[in-house]
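Below is the file final-v5.pdb, which contains PDB, C-alpha atoms, pLDDT in the B column.
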```
ATOM      1  CA  MET A   1     134.492 127.157 128.997  1.00 64.00           C
ATOM      2  CA  THR A   2     136.911 129.589 127.419  1.00 74.00           C
ATOM      3  CA  SER A   3     136.253 131.215 124.036  1.00 75.00           C
ATOM      4  CA  GLY A   4     138.874 128.970 122.447  1.00 77.00           C
ATOM      5  CA  LEU A   5     137.120 125.824 123.626  1.00 80.00           C
ATOM      6  CA  TRP A   6     133.758 127.147 122.483  1.00 83.00           C
ATOM      7  CA  GLU A   7     135.270 127.824 119.075  1.00 87.00           C
ATOM      8  CA  LEU A   8     136.463 124.220 118.951  1.00 87.00           C
ATOM      9  CA  VAL A   9     132.969 122.943 119.764  1.00 89.00           C
ATOM     10  CA  LEU A  10     131.315 125.209 117.190  1.00 90.00           C
ATOM     11  CA  LYS A  11     133.763 124.037 114.533  1.00 92.00           C
ATOM     12  CA  GLY A  12     132.702 120.515 115.450  1.00 91.00           C
ATOM     13  CA  VAL A  13     129.046 121.491 114.968  1.00 92.00           C
ATOM     14  CA  TRP A  14     129.844 122.893 111.522  1.00 94.00           C
ATOM     15  CA  THR A  15     131.736 119.733 110.547  1.00 93.00           C
ATOM     16  CA  THR A  16     128.804 117.597 111.702  1.00 94.00           C
ATOM     17  CA  VAL A  17     126.356 119.677 109.660  1.00 95.00           C
ATOM     18  CA  GLN A  18     128.563 119.398 106.557  1.00 95.00           C
ATOM     19  CA  LEU A  19     128.876 115.653 106.961  1.00 95.00           C
ATOM     20  CA  LEU A  20     125.125 115.354 107.485  1.00 95.00           C
ATOM     21  CA  VAL A  21     124.339 117.306 104.303  1.00 96.00           C
ATOM     22  CA  PHE A  22     126.821 115.432 102.107  1.00 96.00           C
ATOM     23  CA  SER A  23     125.890 111.974 103.373  1.00 96.00           C
ATOM     24  CA  ALA A  24     122.146 112.784 103.208  1.00 96.00           C
ATOM     25  CA  LEU A  25     122.483 113.836  99.558  1.00 96.00           C
ATOM     26  CA  LEU A  26     124.328 110.620  98.729  1.00 96.00           C
ATOM     27  CA  ALA A  27     121.859 108.502 100.704  1.00 96.00           C
ATOM     28  CA  THR A  28     118.908 110.157  98.940  1.00 95.00           C
ATOM     29  CA  ALA A  29     120.368 109.504  95.501  1.00 96.00           C
ATOM     30  CA  VAL A  30     121.144 105.891  96.407  1.00 96.00           C
ATOM     31  CA  SER A  31     117.676 105.430  97.921  1.00 95.00           C
ATOM     32  CA  PHE A  32     115.856 106.446  94.762  1.00 95.00           C
ATOM     33  CA  VAL A  33     118.142 104.619  92.338  1.00 95.00           C
ATOM     34  CA  VAL A  34     118.116 101.355  94.297  1.00 95.00           C
ATOM     35  CA  GLY A  35     114.490 101.685  95.402  1.00 94.00           C
ATOM     36  CA  MET A  36     113.265 102.098  91.830  1.00 93.00           C
ATOM     37  CA  ALA A  37     115.547  99.274  90.733  1.00 94.00           C
ATOM     38  CA  ARG A  38     113.822  97.029  93.291  1.00 92.00           C
ATOM     39  CA  THR A  39     110.573  97.525  91.334  1.00 90.00           C
ATOM     40  CA  HIS A  40     112.136  97.081  87.880  1.00 89.00           C
ATOM     41  CA  ARG A  41     110.548  94.629  85.461  1.00 87.00           C
ATOM     42  CA  LEU A  42     113.878  92.822  84.849  1.00 91.00           C
ATOM     43  CA  TRP A  43     114.714  90.265  87.516  1.00 92.00           C
ATOM     44  CA  ILE A  44     118.467  90.804  87.244  1.00 95.00           C
ATOM     45  CA  VAL A  45     118.082  94.502  88.100  1.00 94.00           C
ATOM     46  CA  ARG A  46     115.897  93.608  91.086  1.00 93.00           C
ATOM     47  CA  PHE A  47     118.413  90.963  92.162  1.00 95.00           C
ATOM     48  CA  VAL A  48     121.441  93.289  92.057  1.00 95.00           C
ATOM     49  CA  ALA A  49     119.535  96.016  93.910  1.00 94.00           C
ATOM     50  CA  GLY A  50     118.380  93.479  96.485  1.00 94.00           C
ATOM     51  CA  VAL A  51     121.926  92.234  97.079  1.00 95.00           C
ATOM     52  CA  TYR A  52     123.131  95.788  97.668  1.00 95.00           C
ATOM     53  CA  THR A  53     120.295  96.473 100.083  1.00 94.00           C
ATOM     54  CA  GLU A  54     120.833  93.328 102.116  1.00 93.00           C
ATOM     55  CA  VAL A  55     124.624  93.764 102.312  1.00 93.00           C
ATOM     56  CA  PHE A  56     124.642  97.375 103.429  1.00 93.00           C
ATOM     57  CA  ARG A  57     121.566  97.040 105.631  1.00 90.00           C
ATOM     58  CA  GLY A  58     123.044  93.991 107.333  1.00 90.00           C
ATOM     59  CA  THR A  59     126.454  95.468 108.182  1.00 89.00           C
ATOM     60  CA  SER A  60     127.470  97.875 110.926  1.00 90.00           C
ATOM     61  CA  ALA A  61     127.895 101.527 109.959  1.00 91.00           C
ATOM     62  CA  LEU A  62     130.856 101.735 112.323  1.00 91.00           C
ATOM     63  CA  VAL A  63     132.582  98.771 110.675  1.00 92.00           C
ATOM     64  CA  MET A  64     131.818 100.262 107.247  1.00 92.00           C
ATOM     65  CA  ILE A  65     133.535 103.502 108.273  1.00 92.00           C
ATOM     66  CA  PHE A  66     136.567 101.532 109.433  1.00 91.00           C
ATOM     67  CA  TRP A  67     136.567  99.563 106.165  1.00 91.00           C
ATOM     68  CA  VAL A  68     136.335 102.625 103.919  1.00 91.00           C
ATOM     69  CA  PHE A  69     138.949 104.620 105.834  1.00 90.00           C
ATOM     70  CA  PHE A  70     141.452 101.923 106.806  1.00 88.00           C
ATOM     71  CA  VAL A  71     140.922  98.911 104.492  1.00 89.00           C
ATOM     72  CA  LEU A  72     140.170 100.646 101.188  1.00 86.00           C
ATOM     73  CA  PRO A  73     143.634 102.300 100.970  1.00 84.00           C
ATOM     74  CA  ILE A  74     145.370  98.967 101.635  1.00 84.00           C
ATOM     75  CA  ALA A  75     143.189  96.944  99.256  1.00 83.00           C
ATOM     76  CA  PHE A  76     142.873  99.401  96.358  1.00 82.00           C
ATOM     77  CA  GLY A  77     145.272 102.243  97.095  1.00 80.00           C
ATOM     78  CA  TRP A  78     142.483 104.821  97.419  1.00 80.00           C
ATOM     79  CA  GLN A  79     142.982 107.049 100.426  1.00 82.00           C
ATOM     80  CA  LEU A  80     139.984 109.225 101.180  1.00 85.00           C
ATOM     81  CA  VAL A  81     140.059 112.204 103.518  1.00 88.00           C
ATOM     82  CA  PRO A  82     137.897 111.652 106.641  1.00 89.00           C
ATOM     83  CA  MET A  83     135.035 113.840 105.361  1.00 92.00           C
ATOM     84  CA  TRP A  84     134.605 111.865 102.150  1.00 92.00           C
ATOM     85  CA  ALA A  85     135.234 108.522 103.823  1.00 91.00           C
ATOM     86  CA  GLY A  86     132.491 109.283 106.332  1.00 93.00           C
ATOM     87  CA  THR A  87     130.175 110.556 103.608  1.00 94.00           C
ATOM     88  CA  LEU A  88     130.669 107.415 101.518  1.00 94.00           C
ATOM     89  CA  ALA A  89     130.206 104.989 104.409  1.00 94.00           C
ATOM     90  CA  LEU A  90     127.163 106.705 105.920  1.00 95.00           C
ATOM     91  CA  GLY A  91     125.563 107.546 102.567  1.00 95.00           C
ATOM     92  CA  LEU A  92     125.767 103.981 101.284  1.00 95.00           C
ATOM     93  CA  THR A  93     124.619 102.488 104.584  1.00 95.00           C
ATOM     94  CA  TYR A  94     121.604 104.728 105.140  1.00 96.00           C
ATOM     95  CA  GLY A  95     120.833 104.693 101.424  1.00 95.00           C
ATOM     96  CA  ALA A  96     120.149 100.971 101.774  1.00 94.00           C
ATOM     97  CA  TYR A  97     117.514 101.701 104.425  1.00 95.00           C
ATOM     98  CA  GLY A  98     116.092 104.511 102.316  1.00 95.00           C
ATOM     99  CA  SER A  99     115.768 102.258  99.288  1.00 94.00           C
ATOM    100  CA  GLU A 100     113.230 100.163 101.168  1.00 94.00           C
ATOM    101  CA  VAL A 101     111.254 103.310 101.958  1.00 94.00           C
ATOM    102  CA  VAL A 102     111.207 104.191  98.256  1.00 94.00           C
ATOM    103  CA  ARG A 103     110.280 100.656  97.203  1.00 93.00           C
ATOM    104  CA  GLY A 104     107.422 100.493  99.689  1.00 92.00           C
ATOM    105  CA  ALA A 105     106.046 103.892  98.678  1.00 92.00           C
ATOM    106  CA  LEU A 106     106.195 103.046  94.967  1.00 92.00           C
ATOM    107  CA  ASN A 107     104.393  99.749  95.507  1.00 90.00           C
ATOM    108  CA  ALA A 108     101.737 101.517  97.597  1.00 89.00           C
ATOM    109  CA  VAL A 109     100.578 103.660  94.663  1.00 88.00           C
ATOM    110  CA  ASP A 110      97.203 102.472  93.389  1.00 87.00           C
ATOM    111  CA  PRO A 111      97.761 100.092  90.415  1.00 85.00           C
ATOM    112  CA  ALA A 112      94.903 101.864  88.647  1.00 86.00           C
ATOM    113  CA  GLN A 113      97.130 104.918  88.395  1.00 84.00           C
ATOM    114  CA  ARG A 114      99.745 102.933  86.477  1.00 81.00           C
ATOM    115  CA  GLU A 115      97.050 101.401  84.291  1.00 84.00           C
ATOM    116  CA  GLY A 116      95.825 104.901  83.471  1.00 87.00           C
ATOM    117  CA  GLY A 117      99.309 105.788  82.304  1.00 85.00           C
ATOM    118  CA  ILE A 118      99.406 102.698  80.113  1.00 84.00           C
ATOM    119  CA  ALA A 119      96.045 103.682  78.635  1.00 86.00           C
ATOM    120  CA  LEU A 120      97.541 107.077  77.780  1.00 84.00           C
ATOM    121  CA  SER A 121     100.461 105.323  76.029  1.00 82.00           C
ATOM    122  CA  PHE A 122     103.021 106.633  78.533  1.00 86.00           C
ATOM    123  CA  THR A 123     106.406 104.931  78.552  1.00 85.00           C
ATOM    124  CA  PRO A 124     107.527 103.290  81.836  1.00 84.00           C
ATOM    125  CA  ALA A 125     109.791 106.278  82.493  1.00 85.00           C
ATOM    126  CA  GLN A 126     106.931 108.714  81.898  1.00 88.00           C
ATOM    127  CA  ARG A 127     104.626 106.742  84.163  1.00 87.00           C
ATOM    128  CA  MET A 128     107.248 106.791  86.904  1.00 87.00           C
ATOM    129  CA  ARG A 129     108.025 110.496  86.519  1.00 87.00           C
ATOM    130  CA  LEU A 130     104.553 111.893  85.900  1.00 87.00           C
ATOM    131  CA  ILE A 131     102.247 109.543  87.815  1.00 88.00           C
ATOM    132  CA  VAL A 132     103.955 107.327  90.377  1.00 89.00           C
ATOM    133  CA  LEU A 133     106.664 109.517  91.913  1.00 89.00           C
ATOM    134  CA  PRO A 134     104.458 112.605  92.504  1.00 88.00           C
ATOM    135  CA  GLN A 135     102.128 110.414  94.575  1.00 89.00           C
ATOM    136  CA  ALA A 136     104.787 108.296  96.254  1.00 90.00           C
ATOM    137  CA  VAL A 137     107.278 110.972  97.327  1.00 91.00           C
ATOM    138  CA  PRO A 138     104.987 112.709  99.870  1.00 90.00           C
ATOM    139  CA  GLU A 139     104.408 109.337 101.550  1.00 90.00           C
ATOM    140  CA  MET A 140     108.174 108.822 101.860  1.00 93.00           C
ATOM    141  CA  ILE A 141     108.818 112.031 103.797  1.00 93.00           C
ATOM    142  CA  PRO A 142     107.927 110.816 107.347  1.00 92.00           C
ATOM    143  CA  SER A 143     110.155 107.752 106.993  1.00 93.00           C
ATOM    144  CA  PHE A 144     112.912 109.815 105.392  1.00 95.00           C
ATOM    145  CA  CYS A 145     112.657 112.236 108.306  1.00 94.00           C
ATOM    146  CA  ASN A 146     113.288 109.399 110.753  1.00 94.00           C
ATOM    147  CA  LEU A 147     116.231 108.190 108.672  1.00 95.00           C
ATOM    148  CA  LEU A 148     117.655 111.708 108.546  1.00 95.00           C
ATOM    149  CA  ILE A 149     117.570 111.951 112.331  1.00 95.00           C
ATOM    150  CA  GLU A 150     119.230 108.538 112.587  1.00 94.00           C
ATOM    151  CA  LEU A 151     121.856 109.719 110.107  1.00 95.00           C
ATOM    152  CA  LEU A 152     122.497 112.792 112.248  1.00 95.00           C
ATOM    153  CA  LYS A 153     123.168 110.585 115.243  1.00 93.00           C
ATOM    154  CA  GLY A 154     125.237 108.258 113.081  1.00 93.00           C
ATOM    155  CA  THR A 155     127.621 111.092 112.202  1.00 93.00           C
ATOM    156  CA  ALA A 156     129.105 110.729 115.691  1.00 92.00           C
ATOM    157  CA  LEU A 157     130.706 107.478 114.504  1.00 92.00           C
ATOM    158  CA  VAL A 158     133.211 109.359 112.339  1.00 91.00           C
ATOM    159  CA  SER A 159     135.039 110.441 115.491  1.00 89.00           C
ATOM    160  CA  VAL A 160     136.818 107.048 115.362  1.00 86.00           C
ATOM    161  CA  MET A 161     138.755 108.399 112.351  1.00 87.00           C
ATOM    162  CA  GLY A 162     139.910 111.404 114.334  1.00 83.00           C
ATOM    163  CA  MET A 163     137.559 113.637 112.365  1.00 85.00           C
ATOM    164  CA  GLY A 164     136.782 116.878 114.190  1.00 84.00           C
ATOM    165  CA  ASP A 165     133.013 116.517 114.371  1.00 88.00           C
ATOM    166  CA  LEU A 166     130.907 117.564 117.342  1.00 89.00           C
ATOM    167  CA  THR A 167     131.526 114.377 119.321  1.00 89.00           C
ATOM    168  CA  PHE A 168     135.281 114.403 118.715  1.00 88.00           C
ATOM    169  CA  SER A 169     135.563 118.097 119.614  1.00 89.00           C
ATOM    170  CA  ALA A 170     133.500 117.598 122.747  1.00 88.00           C
ATOM    171  CA  ASN A 171     135.772 114.776 123.850  1.00 86.00           C
ATOM    172  CA  LEU A 172     138.823 117.036 123.448  1.00 89.00           C
ATOM    173  CA  VAL A 173     137.147 119.680 125.589  1.00 87.00           C
ATOM    174  CA  ARG A 174     136.234 117.052 128.185  1.00 87.00           C
ATOM    175  CA  LEU A 175     139.847 115.941 128.404  1.00 84.00           C
ATOM    176  CA  ALA A 176     140.982 119.557 128.770  1.00 85.00           C
ATOM    177  CA  LEU A 177     138.467 120.519 131.464  1.00 84.00           C
ATOM    178  CA  GLN A 178     137.775 117.143 133.106  1.00 82.00           C
ATOM    179  CA  GLN A 179     134.084 118.087 133.188  1.00 82.00           C
ATOM    180  CA  SER A 180     132.114 115.347 131.509  1.00 84.00           C
ATOM    181  CA  ALA A 181     128.641 116.324 132.710  1.00 87.00           C
ATOM    182  CA  GLU A 182     128.778 119.896 131.442  1.00 86.00           C
ATOM    183  CA  ILE A 183     130.256 119.299 128.023  1.00 88.00           C
ATOM    184  CA  TYR A 184     128.146 116.268 127.159  1.00 89.00           C
ATOM    185  CA  THR A 185     125.023 118.128 128.241  1.00 91.00           C
ATOM    186  CA  TYR A 186     125.931 120.814 125.722  1.00 90.00           C
ATOM    187  CA  VAL A 187     126.471 118.125 123.089  1.00 92.00           C
ATOM    188  CA  LEU A 188     123.032 116.635 123.758  1.00 93.00           C
ATOM    189  CA  VAL A 189     121.473 120.067 123.348  1.00 94.00           C
ATOM    190  CA  PHE A 190     123.293 120.696 120.071  1.00 93.00           C
ATOM    191  CA  TYR A 191     122.164 117.373 118.607  1.00 94.00           C
ATOM    192  CA  PHE A 192     118.594 117.970 119.783  1.00 95.00           C
ATOM    193  CA  VAL A 193     118.445 121.449 118.239  1.00 95.00           C
ATOM    194  CA  ILE A 194     119.728 120.190 114.891  1.00 95.00           C
ATOM    195  CA  ALA A 195     117.269 117.268 114.960  1.00 95.00           C
ATOM    196  CA  PHE A 196     114.370 119.574 115.862  1.00 96.00           C
ATOM    197  CA  VAL A 197     115.152 121.940 112.986  1.00 95.00           C
ATOM    198  CA  LEU A 198     115.385 119.009 110.566  1.00 94.00           C
ATOM    199  CA  THR A 199     112.039 117.644 111.761  1.00 94.00           C
ATOM    200  CA  ARG A 200     110.276 120.963 111.253  1.00 94.00           C
ATOM    201  CA  LEU A 201     111.791 121.370 107.780  1.00 94.00           C
ATOM    202  CA  MET A 202     110.746 117.871 106.737  1.00 93.00           C
ATOM    203  CA  ARG A 203     107.200 118.393 108.030  1.00 92.00           C
ATOM    204  CA  GLY A 204     106.979 121.602 106.051  1.00 91.00           C
ATOM    205  CA  LEU A 205     108.218 119.794 102.946  1.00 89.00           C
ATOM    206  CA  GLU A 206     105.682 117.009 103.457  1.00 88.00           C
ATOM    207  CA  LYS A 207     102.835 119.493 103.801  1.00 89.00           C
ATOM    208  CA  ARG A 208     103.915 121.370 100.682  1.00 88.00           C
ATOM    209  CA  LEU A 209     104.264 118.202  98.584  1.00 84.00           C
ATOM    210  CA  LYS A 210     100.881 116.884  99.669  1.00 82.00           C
ATOM    211  CA  ALA A 211      99.272 120.221  98.912  1.00 82.00           C
ATOM    212  CA  GLY A 212     100.791 120.004  95.438  1.00 69.00           C
ATOM    213  CA  ILE A 213      98.837 116.817  94.709  1.00 70.00           C
ATOM    214  CA  GLY A 214      95.656 117.951  96.429  1.00 64.00           C
ATOM    215  CA  LYS A 215      96.258 116.352  99.816  1.00 62.00           C
ATOM    216  CA  ASP A 216      96.471 117.906 103.242  1.00 59.00           C
ATOM    217  CA  ALA A 217      96.002 116.844 106.855  1.00 49.00           C
ATOM    218  CA  GLY A 218      92.347 117.941 106.915  1.00 52.00           C
ATOM    219  CA  THR A 219      91.217 116.133 103.797  1.00 53.00           C
ATOM    220  CA  GLU A 220      93.140 112.978 104.722  1.00 54.00           C
ATOM    221  CA  ARG A 221      91.569 112.966 108.178  1.00 57.00           C
ATOM    222  CA  ALA A 222      88.102 113.413 106.669  1.00 53.00           C
ATOM    223  CA  ALA A 223      88.725 110.570 104.235  1.00 53.00           C
ATOM    224  CA  ARG A 224      89.808 108.268 107.073  1.00 55.00           C
ATOM    225  CA  GLU A 225      86.696 109.151 109.072  1.00 59.00           C
ATOM    226  CA  LEU A 226      84.453 108.517 106.074  1.00 56.00           C
ATOM    227  CA  LYS A 227      86.109 105.157 105.398  1.00 54.00           C
ATOM    228  CA  ARG A 228      85.733 104.184 109.060  1.00 56.00           C
ATOM    229  CA  ALA A 229      82.079 105.140 108.984  1.00 56.00           C
ATOM    230  CA  ARG A 230      81.412 103.057 105.886  1.00 58.00           C
ATOM    231  CA  THR A 231      83.211 100.082 107.388  1.00 56.00           C
ATOM    232  CA  THR A 232      81.842 100.152 110.925  1.00 58.00           C
ATOM    233  CA  GLY A 233      78.736 102.287 110.628  1.00 58.00           C
ATOM    234  CA  VAL A 234      79.980 104.467 113.490  1.00 52.00           C
ATOM    235  CA  GLY A 235      80.821 108.161 113.276  1.00 52.00           C
ATOM    236  CA  GLY A 236      81.954 109.681 110.025  1.00 49.00           C
ATOM    237  CA  GLY A 237      80.019 112.894 110.327  1.00 48.00           C
ATOM    238  CA  VAL A 238      81.680 115.294 107.913  1.00 42.00           C
ATOM    239  CA  ALA A 239      80.456 118.844 107.879  1.00 39.00           C
TER     240      ALA A 239
END
```
Could you show the structure in this file as structure tokens?
Amino acid sequence: MTSGLWELVLKGVWTTVQLLVFSALLATAVSFVVGMARTHRLWIVRFVAGVYTEVFRGTSALVMIFWVFFVLPIAFGWQLVPMWAGTLALGLTYGAYGSEVVRGALNAVDPAQREGGIALSFTPAQRMRLIVLPQAVPEMIPSFCNLLIELLKGTALVSVMGMGDLTFSANLVRLALQQSAEIYTYVLVFYFVIAFVLTRLMRGLEKRLKAGIGKDAGTERAARELKRARTTGVGGGVA
């Protein structure tokens, strides 16, 4: 490829990275707000959060992008530029999936921990901030990592709006060169490299968060072995 075509592809990579960051930030915020609402003591809050989750989890991300970019201006007169339309559609869609991750992690915290907070006269907000979230967040990281990789692949959908992301730019280069195999091989490599970097960063974050609450891979493995030994009477030798 010529330098001009490479520049086009690299601009597409940069656009994809920007879209990924913006939509991931929105999805994270939505995940925590809705996920915590799903565990709220008021049924109406749980109901509204549940409706949001089911609607956005049960609709296609591609159709949502079409709706935000093409229907929203007609229905409400709000015309969003492709970057923000893609961010809104992807962030709300993947935030619905993330909210279930948050809800599950919050419910997995030992009830005795919450009861300890009540015994210390903590308010519900203090219990959530000081006791529940520090223990739940590290358990969310592996699932959030998977969602982040899915979000990265989902960014390719914005090409239907004519947005110059990696997929759209690659298609322009393919049309110019008539070489599908070469250009799409490059695209696969670019997506893989970005996904690999994200995975390593998320694993590092998980390790750091678990170390902050006194957990690490070694101690967790030892605890699992000890529990297995107590249950089955086999193994469990811990030096």
Quick check on the file I pasted: which residues fall under the PyMOL selection byres ((chain A and resi 30) around 10)? Write them as a short mmCIF file (atom, residue, chain, number, x, y, z; two decimals) with C-alpha atoms, keeping the file's coordinate frame.
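Contents of the output file part.cif:
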```cif
data_model
loop_
_atom_site.label_atom_id
_atom_site.label_comp_id
_atom_site.auth_asym_id
_atom_site.auth_seq_id
_atom_site.Cartn_x
_atom_site.Cartn_y
_atom_site.Cartn_z
CA ALA A 24 122.15 112.78 103.21
CA LEU A 25 122.48 113.84 99.56
CA LEU A 26 124.33 110.62 98.73
CA ALA A 27 121.86 108.50 100.70
CA THR A 28 118.91 110.16 98.94
CA ALA A 29 120.37 109.50 95.50
CA SER A 31 117.68 105.43 97.92
CA PHE A 32 115.86 106.45 94.76
CA VAL A 33 118.14 104.62 92.34
CA VAL A 34 118.12 101.36 94.30
CA GLY A 35 114.49 101.68 95.40
CA MET A 36 113.26 102.10 91.83
CA GLY A 91 125.56 107.55 102.57
CA LEU A 92 125.77 103.98 101.28
CA THR A 93 124.62 102.49 104.58
CA TYR A 94 121.60 104.73 105.14
CA GLY A 95 120.83 104.69 101.42
CA ALA A 96 120.15 100.97 101.77
CA TYR A 97 117.51 101.70 104.42
CA GLY A 98 116.09 104.51 102.32
CA SER A 99 115.77 102.26 99.29
#
```
Exercise: Leu130 (chain A) partners within 12 Å, all atoms listed in the file, chain neighbours under 3 positions left out, as an NGL selection string:
:A and (113-114 or 116-117 or 120 or 122-127 or 133-137 or 213)
With only C-alpha atoms as the counted atoms, please give the residues lying no more than 12 Å from Val158 (chain A), apart from itself and same-chain residues fewer than 5 positions off, as an MDAnalysis selection string.
chainID A and resid 12 15:16 19:20 23 61:66 68:69 81:90 151:153 163:169
What's the separation between CA of Thr39 (chain A) and CA of Ala112 (chain A), in Å to one decimal place?
16.5 Å
Report the residues retrieved by the PyMOL selection byres ((chain A and resi 9) around 8) from the displayed file, expressed as a list in words.
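Evaluating the PyMOL selection byres ((chain A and resi 9) around 8) on these coordinates yields Leu5, Trp6, Glu7, Leu8, Leu10, Lys11, Gly12, Val13, Leu166, Ser169, Ala170 and Val173 of chain A.
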Save region 18-25 of chain A from what I just supplied, as a PDB file, in the first residue's frame, atoms limited to all heavy atoms.
```
ATOM      1  N   GLN A  18     -10.615   6.005  19.833  1.00  0.00           N
ATOM      2  CA  GLN A  18     -11.405   7.069  20.465  1.00  0.00           C
ATOM      3  C   GLN A  18     -12.816   6.603  20.774  1.00  0.00           C
ATOM      4  O   GLN A  18     -13.331   6.818  21.890  1.00  0.00           O
ATOM      5  CB  GLN A  18     -11.457   8.288  19.542  1.00  0.00           C
ATOM      6  CG  GLN A  18     -10.183   9.094  19.466  1.00  0.00           C
ATOM      7  CD  GLN A  18     -10.362  10.299  18.550  1.00  0.00           C
ATOM      8  OE1 GLN A  18     -10.546  10.159  17.345  1.00  0.00           O
ATOM      9  NE2 GLN A  18     -10.326  11.478  19.126  1.00  0.00           N
ATOM     10  N   LEU A  19     -13.450   5.973  19.802  1.00  0.00           N
ATOM     11  CA  LEU A  19     -14.803   5.478  20.008  1.00  0.00           C
ATOM     12  C   LEU A  19     -14.844   4.447  21.118  1.00  0.00           C
ATOM     13  O   LEU A  19     -15.771   4.440  21.946  1.00  0.00           O
ATOM     14  CB  LEU A  19     -15.333   4.876  18.706  1.00  0.00           C
ATOM     15  CG  LEU A  19     -16.743   4.276  18.758  1.00  0.00           C
ATOM     16  CD1 LEU A  19     -17.775   5.342  19.110  1.00  0.00           C
ATOM     17  CD2 LEU A  19     -17.087   3.621  17.421  1.00  0.00           C
ATOM     18  N   LEU A  20     -13.847   3.576  21.169  1.00  0.00           N
ATOM     19  CA  LEU A  20     -13.778   2.559  22.213  1.00  0.00           C
ATOM     20  C   LEU A  20     -13.679   3.200  23.587  1.00  0.00           C
ATOM     21  O   LEU A  20     -14.382   2.806  24.524  1.00  0.00           O
ATOM     22  CB  LEU A  20     -12.579   1.644  21.958  1.00  0.00           C
ATOM     23  CG  LEU A  20     -12.280   0.605  23.044  1.00  0.00           C
ATOM     24  CD1 LEU A  20     -13.412  -0.406  23.142  1.00  0.00           C
ATOM     25  CD2 LEU A  20     -10.957  -0.099  22.762  1.00  0.00           C
ATOM     26  N   VAL A  21     -12.821   4.201  23.731  1.00  0.00           N
ATOM     27  CA  VAL A  21     -12.631   4.854  25.035  1.00  0.00           C
ATOM     28  C   VAL A  21     -13.910   5.562  25.470  1.00  0.00           C
ATOM     29  O   VAL A  21     -14.365   5.397  26.606  1.00  0.00           O
ATOM     30  CB  VAL A  21     -11.453   5.842  24.964  1.00  0.00           C
ATOM     31  CG1 VAL A  21     -11.386   6.686  26.244  1.00  0.00           C
ATOM     32  CG2 VAL A  21     -10.136   5.101  24.769  1.00  0.00           C
ATOM     33  N   PHE A  22     -14.498   6.341  24.583  1.00  0.00           N
ATOM     34  CA  PHE A  22     -15.704   7.100  24.947  1.00  0.00           C
ATOM     35  C   PHE A  22     -16.863   6.172  25.303  1.00  0.00           C
ATOM     36  O   PHE A  22     -17.554   6.372  26.312  1.00  0.00           O
ATOM     37  CB  PHE A  22     -16.105   8.027  23.806  1.00  0.00           C
ATOM     38  CG  PHE A  22     -15.128   9.128  23.526  1.00  0.00           C
ATOM     39  CD1 PHE A  22     -14.938   9.600  22.240  1.00  0.00           C
ATOM     40  CD2 PHE A  22     -14.378   9.682  24.551  1.00  0.00           C
ATOM     41  CE1 PHE A  22     -14.019  10.612  21.978  1.00  0.00           C
ATOM     42  CE2 PHE A  22     -13.460  10.699  24.305  1.00  0.00           C
ATOM     43  CZ  PHE A  22     -13.289  11.166  23.010  1.00  0.00           C
ATOM     44  N   SER A  23     -17.096   5.171  24.461  1.00  0.00           N
ATOM     45  CA  SER A  23     -18.222   4.265  24.716  1.00  0.00           C
ATOM     46  C   SER A  23     -17.967   3.394  25.942  1.00  0.00           C
ATOM     47  O   SER A  23     -18.910   3.056  26.675  1.00  0.00           O
ATOM     48  CB  SER A  23     -18.510   3.401  23.490  1.00  0.00           C
ATOM     49  OG  SER A  23     -17.350   2.714  23.063  1.00  0.00           O
ATOM     50  N   ALA A  24     -16.692   3.038  26.207  1.00  0.00           N
ATOM     51  CA  ALA A  24     -16.378   2.242  27.401  1.00  0.00           C
ATOM     52  C   ALA A  24     -16.612   3.057  28.666  1.00  0.00           C
ATOM     53  O   ALA A  24     -17.115   2.526  29.669  1.00  0.00           O
ATOM     54  CB  ALA A  24     -14.932   1.761  27.344  1.00  0.00           C
ATOM     55  N   LEU A  25     -16.267   4.346  28.635  1.00  0.00           N
ATOM     56  CA  LEU A  25     -16.525   5.200  29.803  1.00  0.00           C
ATOM     57  C   LEU A  25     -18.019   5.319  30.070  1.00  0.00           C
ATOM     58  O   LEU A  25     -18.470   5.221  31.222  1.00  0.00           O
ATOM     59  CB  LEU A  25     -15.912   6.581  29.576  1.00  0.00           C
ATOM     60  CG  LEU A  25     -14.381   6.656  29.594  1.00  0.00           C
ATOM     61  CD1 LEU A  25     -13.908   8.054  29.227  1.00  0.00           C
ATOM     62  CD2 LEU A  25     -13.824   6.255  30.960  1.00  0.00           C
TER      63      LEU A  25
END
```
